[in-house]
Amino acid sequence: PHVCGVTMLKGLRTCAVRSLPGALALARTFAAVVPQPLDHSKLVVQKVTDHKPIPPLDQMKFGRSYSDRMFAVAWNREKGWGVPTIKPLEDLVLHPASSVLHYGLETFEGMRAYKDPQDRIRLFRPEKNMARMNRSNARLYLPTFDPIEFLECIKELLRLEKNWIPSKDGYSLYIRPTTISTEPYIGMGPASNALLFVILSPSPPYYAEPVSLLADPTYVRAWPGGTGNHKVGGNYAPAILPQVEANAQGHGQVLWLFGEEGYVTEAGTMNIFVYWTNENGERELITPPLSDGTILPGVTRESILELVNNWKEIPAREKCITMKQIVKACAENRVHEVFGAGTAVVVSSVKGITYVGKDYAIPVDKNDPTQKNGPLARKVMRELLDIQYGRKPHPWSVIVQKRDGLCTMMNE
């Protein structure tokens with residue numbers, strides 16, 4: 001008997017020359033032990049017989065209604081990815097010991113699909129979401145995937161659910177990819193079984209008015225070395241109580257602080273931007289840096305930094321900022337605008353911050369108090385929406401082409 005080469009492919013070629021039975025045996029072994037990759041060409045589409053009514057625009061609420069179909073694919077550590085399937089939206093069936101229910105082994109993403117003036121489906125920088133989800137999955141030792149293959153599965157789901165994408169400006173179809181551990185094990189350990197799925201929800205504009213923020217140093221959202229820079233479910237559940245308390249005091253969101261210095265990190269689930277005149281007399285747009293791992297690397301955040309810097313009107317920088325600096329700048333009339341940014345909201349201006357019992361008014365538009373966003377926030381919003389809805393050609397906007405040869409199976 002001979003020894004195959006170091007690599008499997010080299011060994012397969014060697015065996016094929018010396019022994020056909022040996023090659024077949026090796027191929028069977030290879031198929032048995034090598035986990036299968038996610039492959040969109042194997043996508044199965046099940047028939048939907050019960051179509052739900054699409055809610056009218058004036059009755060649409062974020063995250064309350066869902067399209068007729070969902071995408072799902074199971075994963076096993078030894079076997080790899082199973083058969084990707086688009087099927088009627090249905091409840092999940094989980095073993096009560098599934099570790100997602102006990103230890104929060106769950107990641108997710110937030111994306112949107114838009115309709116352009118030519119009635120084409122568009123996505124905004126979807127490769128960024130795919131890359132971030134893979135990073136989140138790796139952080140929880142959940143399975144990663146080929147981003148191109150997964151994105152093709154999402155595109156096919158969108159083609160089938162195109163009628164659920166609102167056509168009105170500001171409206172979109174929210175896309176929620178999610179990975180959960182389905183491992184039926186209440187011991188602490190990595191998942192050997194998982195489920196990757198996608199649901200769709202028609203969505204209106206998120207915030208209609210400027211928001212006020214409660215900056216309460218009692219609660220901390222994230223810390224260095226933790227998971228604040230990943231989209232994992234465990235980051236969000238502890239934020240609910242502070243959010244409820246902020247709402248009870250008349251605020252729309254929490255302004256998350258960190259450390260004794262009171263570093264500003266995020267606003268609710270949004271990245272935060274401050275447009276001010278710094279102590280050197282220079283106007284700049286700043287947002288907290290990603291360096292310590294407490295800030296989520298938002299796709300909208302990254303896009304705003306790139307857009308504003310490309311305009312070459314004011315510099316957009318990643319800089320640490322504390323509440324004491326904001327308080328001082330407010331007292332010296334150096335704060336021009338503060339706004340949050342994210343996939344759900346796009347851009348939302350801040351009208352005030354409450355910190356250690358004192359209210360600090362933040363100007364929205366000094367020249368027009370009727371505006372819901374400040375001048376810079378409006379400009380950023382217009383630019384982003386024009387790109388997202390295809391009114392302005394830009395490489396960030398990805399057209400979901402009509403089916404390009406993807407072979408799907410329709411289960412009757």
# chains A, B, ... in the order shown; residues from 1 in each chain; ligands from 1

$ closest_atom_pairs --of "region 302-352 of chain A" --to "region 278-283 of chain A" --cutoff "12 Å" --atoms "only C-alpha atoms" --output "tab-separated table"
residue	atom	partner	partner_atom	distance
A:Glu313	CA	A:Arg283	CA	9.6
A:Ile314	CA	A:Arg283	CA	6.5
A:Pro315	CA	A:Arg283	CA	7.7
A:Ala316	CA	A:Arg283	CA	9.6
A:Arg317	CA	A:Arg283	CA	11.0
A:Lys319	CA	A:Asn278	CA	11.3
A:Ile321	CA	A:Asn278	CA	10.7
A:Gln325	CA	A:Asn278	CA	9.4
A:Ile326	CA	A:Asn278	CA	10.1
A:Lys328	CA	A:Glu279	CA	9.9
A:Ala329	CA	A:Asn278	CA	7.9
A:Cys330	CA	A:Asn278	CA	11.3
A:Glu332	CA	A:Glu279	CA	9.9
A:Asn333	CA	A:Asn278	CA	10.8
A:Arg334	CA	A:Asn278	CA	7.3
A:Val335	CA	A:Asn278	CA	8.8
A:His336	CA	A:Arg283	CA	9.1
A:Glu337	CA	A:Arg283	CA	11.2

$ closest_residue --among "A:Ser203, A:Ile121, A:Asp169, A:Leu43" --to "Asp386 (chain A)" --atoms "only C-alpha atoms"
A:Asp169

$ select_by_dssp --residues "region 56-127 of chain A" --states "strand (DSSP E or B)" --output "ChimeraX atom specification"
/A:69-76,80-81,85-88,98,106-108,111-115,121-124

$ atom_distance --atom1 "CA of Gln371 (chain A)" --atom2 "CA of Ala113 (chain A)"
27.1 Å

$ atom_distance --atom1 "CA of Tyr389 (chain A)" --atom2 "CA of Lys115 (chain A)"
6.2 Å

$ residues_around --residues "Ala74 (chain A)" --least-positions-apart "3" --cutoff "6 Å" --atoms "only C-alpha atoms" --output "number ranges by chain"
A: 82, 194-195

$ write_last_selection --atoms "all heavy atoms" --output "mmCIF file, in the first residue's frame"
data_model
loop_
_atom_site.group_PDB
_atom_site.id
_atom_site.type_symbol
_atom_site.label_atom_id
_atom_site.label_comp_id
_atom_site.auth_asym_id
_atom_site.auth_seq_id
_atom_site.Cartn_x
_atom_site.Cartn_y
_atom_site.Cartn_z
ATOM 1 N N GLY A 82 -25.959 22.590 5.070
ATOM 2 C CA GLY A 82 -26.944 21.736 4.439
ATOM 3 C C GLY A 82 -27.513 22.370 3.186
ATOM 4 O O GLY A 82 -26.861 23.183 2.520
ATOM 5 N N ALA A 194 -26.074 24.636 14.039
ATOM 6 C CA ALA A 194 -26.527 26.018 13.981
ATOM 7 C C ALA A 194 -27.515 26.184 12.836
ATOM 8 O O ALA A 194 -27.650 25.307 11.969
ATOM 9 C CB ALA A 194 -25.345 26.974 13.802
ATOM 10 N N LEU A 195 -28.193 27.315 12.859
ATOM 11 C CA LEU A 195 -29.148 27.650 11.804
ATOM 12 C C LEU A 195 -28.908 29.088 11.361
ATOM 13 O O LEU A 195 -28.819 29.997 12.197
ATOM 14 C CB LEU A 195 -30.583 27.505 12.319
ATOM 15 C CG LEU A 195 -31.698 27.808 11.308
ATOM 16 C CD1 LEU A 195 -31.747 26.728 10.235
ATOM 17 C CD2 LEU A 195 -33.050 27.922 12.019
#

$ closest_residue --among "A:Ile304, A:Ala191, A:Val44, A:Met270" --to "Gly342 (chain A)" --atoms "only C-alpha atoms"
A:Met270

$ residues_around --residues "region 59-72 of chain A" --least-positions-apart "4" --cutoff "10 Å" --atoms "only C-alpha atoms" --output "JSON, numbers by chain"
{"A": [43, 44, 45, 46, 47, 48, 49, 50, 51, 52, 53, 54, 55, 82, 83, 84, 85, 86, 87, 88, 89, 90, 153, 154, 156, 157, 158, 160, 161, 162, 163, 164, 165, 171, 173, 174, 176, 177, 178, 179, 195, 196, 197, 198, 199, 200, 201, 202, 203, 204, 205, 206, 344]}

$ closest_residue --among "A:Arg125, A:Phe273, A:Ala237, A:Ser98" --to "Gly187 (chain A)" --atoms "only C-alpha atoms"
A:Ser98

$ atom_distance --atom1 "CA of Glu266 (chain A)" --atom2 "CA of Leu123 (chain A)"
24.9 Å

$ residues_around --residues "Arg139 (chain A)" --least-positions-apart "5" --cutoff "12 Å" --atoms "only C-alpha atoms" --output "list in words"
Leu105, Glu106, Thr107, Arg132, Met133, Asn134, Thr144, Pro190, Gly225, Gly226, Thr227, Gly228, Asn229, His230, Lys231 and Val232 of chain A

$ write_last_selection --atoms "C-alpha atoms" --output "short mmCIF file (atom, residue, chain, number, x, y, z; two decimals), in the first residue's frame"
data_model
loop_
_atom_site.label_atom_id
_atom_site.label_comp_id
_atom_site.auth_asym_id
_atom_site.auth_seq_id
_atom_site.Cartn_x
_atom_site.Cartn_y
_atom_site.Cartn_z
CA LEU A 105 -25.15 32.11 20.96
CA GLU A 106 -26.72 34.35 18.36
CA THR A 107 -25.62 36.94 15.83
CA ARG A 132 -19.36 41.94 9.65
CA MET A 133 -21.63 38.93 10.19
CA ASN A 134 -18.74 36.58 9.54
CA THR A 144 -18.78 31.41 8.92
CA PRO A 190 -19.05 25.67 21.18
CA GLY A 225 -12.16 43.09 24.98
CA GLY A 226 -15.90 42.39 24.95
CA THR A 227 -18.31 42.06 22.05
CA GLY A 228 -19.41 45.67 21.57
CA ASN A 229 -17.90 45.73 18.08
CA HIS A 230 -19.94 42.71 16.96
CA LYS A 231 -23.66 42.29 16.32
CA VAL A 232 -24.45 39.65 18.91
#

$ select_by_dssp --residues "region 84-309 of chain A" --states "helix (DSSP H, G or I)" --output "ChimeraX atom specification"
/A:99-103,126-139,147-160,162-164,233-235,237-248,299-309

$ closest_residue --among "A:Val211, A:Ala331, A:Ala239, A:Cys320" --to "Ser348 (chain A)" --atoms "only C-alpha atoms"
A:Val211
